[in-house]
Amino acid sequence: MNNIKTIDDYLLGNTAPGDTLLFEAKMLLNSDLREDMQHQQHTYSIIRQYGRQIIKAEIKAVQQALATEPQYKSFMQRIVNLFKK
Amino acid sequence: MNNNRLLTVEMREAFFTALYKKAFPAVGRHVARMGGSLEEAQDIFQDTLVIYYEKVTSEDADIVVNEKAYLLGIAKKLWLQHYKAGSKNQPLDDMDLQVAADERPATGKLLHYLETAGKKCMELLKAYYYDGATVSDVAAQFGYGGIHSATVAKYKCLEKVRGTVKKNSLRYADFIE
């Protein structure tokens with residue numbers, strides 16, 4: 001599994017302090033490791049964007065349900081009324 | 001480990017519906033008072049819920065005593081930023097202080113590629129890293145025999161996606177039309 005787990009632990013803050021120092025020293029000496037770490041960091045940012053995209057779609061679906069389902073009609077009407085000038 | 005894992009679409013639907021009922025009228029009232037539209041209130045509230053979701057599913061989530069006041073606070077802040085920016089489409093990333101300063105360009109294309117080519121891995125990684133699922137949650141949700149095989153799968157997926165990210169950075173042009 002090469003360095004995936006080590007970098008995962010490091011980036012998620014699950015590395016013991018002594019090992020963190022050691023790992024950072026290794027990164028200084030090893031540009032491949034440094035690059036892998038950067039790519040992995042980018043991977044987490046992509047996973048977060050993916051997660052956000054899905055959560056936002058789920059939230060929009062809830063909003064859509066509130067706007068259309070009969071049991072929420074009076075609830076939504078009260079909100080719509082707030083915007084009537 | 002946090003106890004706020006909202007692992008299924010149904011659980012999240014119930015969670016968000018309850019928050020709409022609890023806090024959307026107050027947010028709507030605020031936006032209306034500030035001269036905003038219903039659509040703006042809805043946009044602001046969507047982003048508010050994304051931020052709140054990320055907070056409650058994060059490992060170091062504190063307990064929020066008054067959810068309604070908390071959500072209204074986020075929404076007011078978002079409204080202020082939206083109002084200052086004068087743009088309806090200011091992305092959430094700009095508003096979220098927790099985001100690493102490391103969002104690179106061309107990520108949209110890469111993400112799109114990963115969604116189609118590696119959907120199962122993305123789902124698994126999302127469950128673990130974004131929704132805050134534990135490895136045993138992941139095992140149950142994705143049908144692995146146990147914690148060990150789910151852990152292996154998680155690292156394999158991470159390796160696969162990281163490989164794609166790496167390839168993308170080397171051959172940037174492949175992901176541009």
# chains A, B, ... in the order shown; residues from 1 in each chain; ligands from 1
$ interface_residues --of "chain B" --to "chain A" --cutoff "6 Å" --atoms "only C-alpha atoms" --output "compact mmCIF listing (two decimals) with C-alpha atoms, in the first residue's frame"
# COMPACT_ATOMS: atom_id res chain seq x y z
CA PRO B 25 -38.73 31.05 8.81
CA ALA B 32 -36.76 39.78 3.70
CA LYS B 126 -17.10 10.51 0.74
CA TYR B 130 -16.88 13.77 4.39
CA ARG B 162 -4.63 9.94 -5.86
CA LYS B 166 -1.32 12.76 -10.07
$ select_by_dssp --residues "range 1-174 of chain B" --states "helix (DSSP H, G or I)" --output "ChimeraX atom specification"
/B:9-33,38-57,67-85,92-94,107-117,119-130,135-142,147-170,172-174
$ atom_distance --atom1 "CA of Val27 in chain B" --atom2 "CA of Ala75 in chain B"
6.7 Å
$ atom_distance --atom1 "CA of Tyr20 in chain B" --atom2 "CA of Thr8 in chain B"
18.4 Å
$ closest_residue --among "B:Leu80, B:Ala127, B:Ala140, B:Ala150" --to "Leu7 in chain B" --atoms "only C-alpha atoms"
B:Ala127
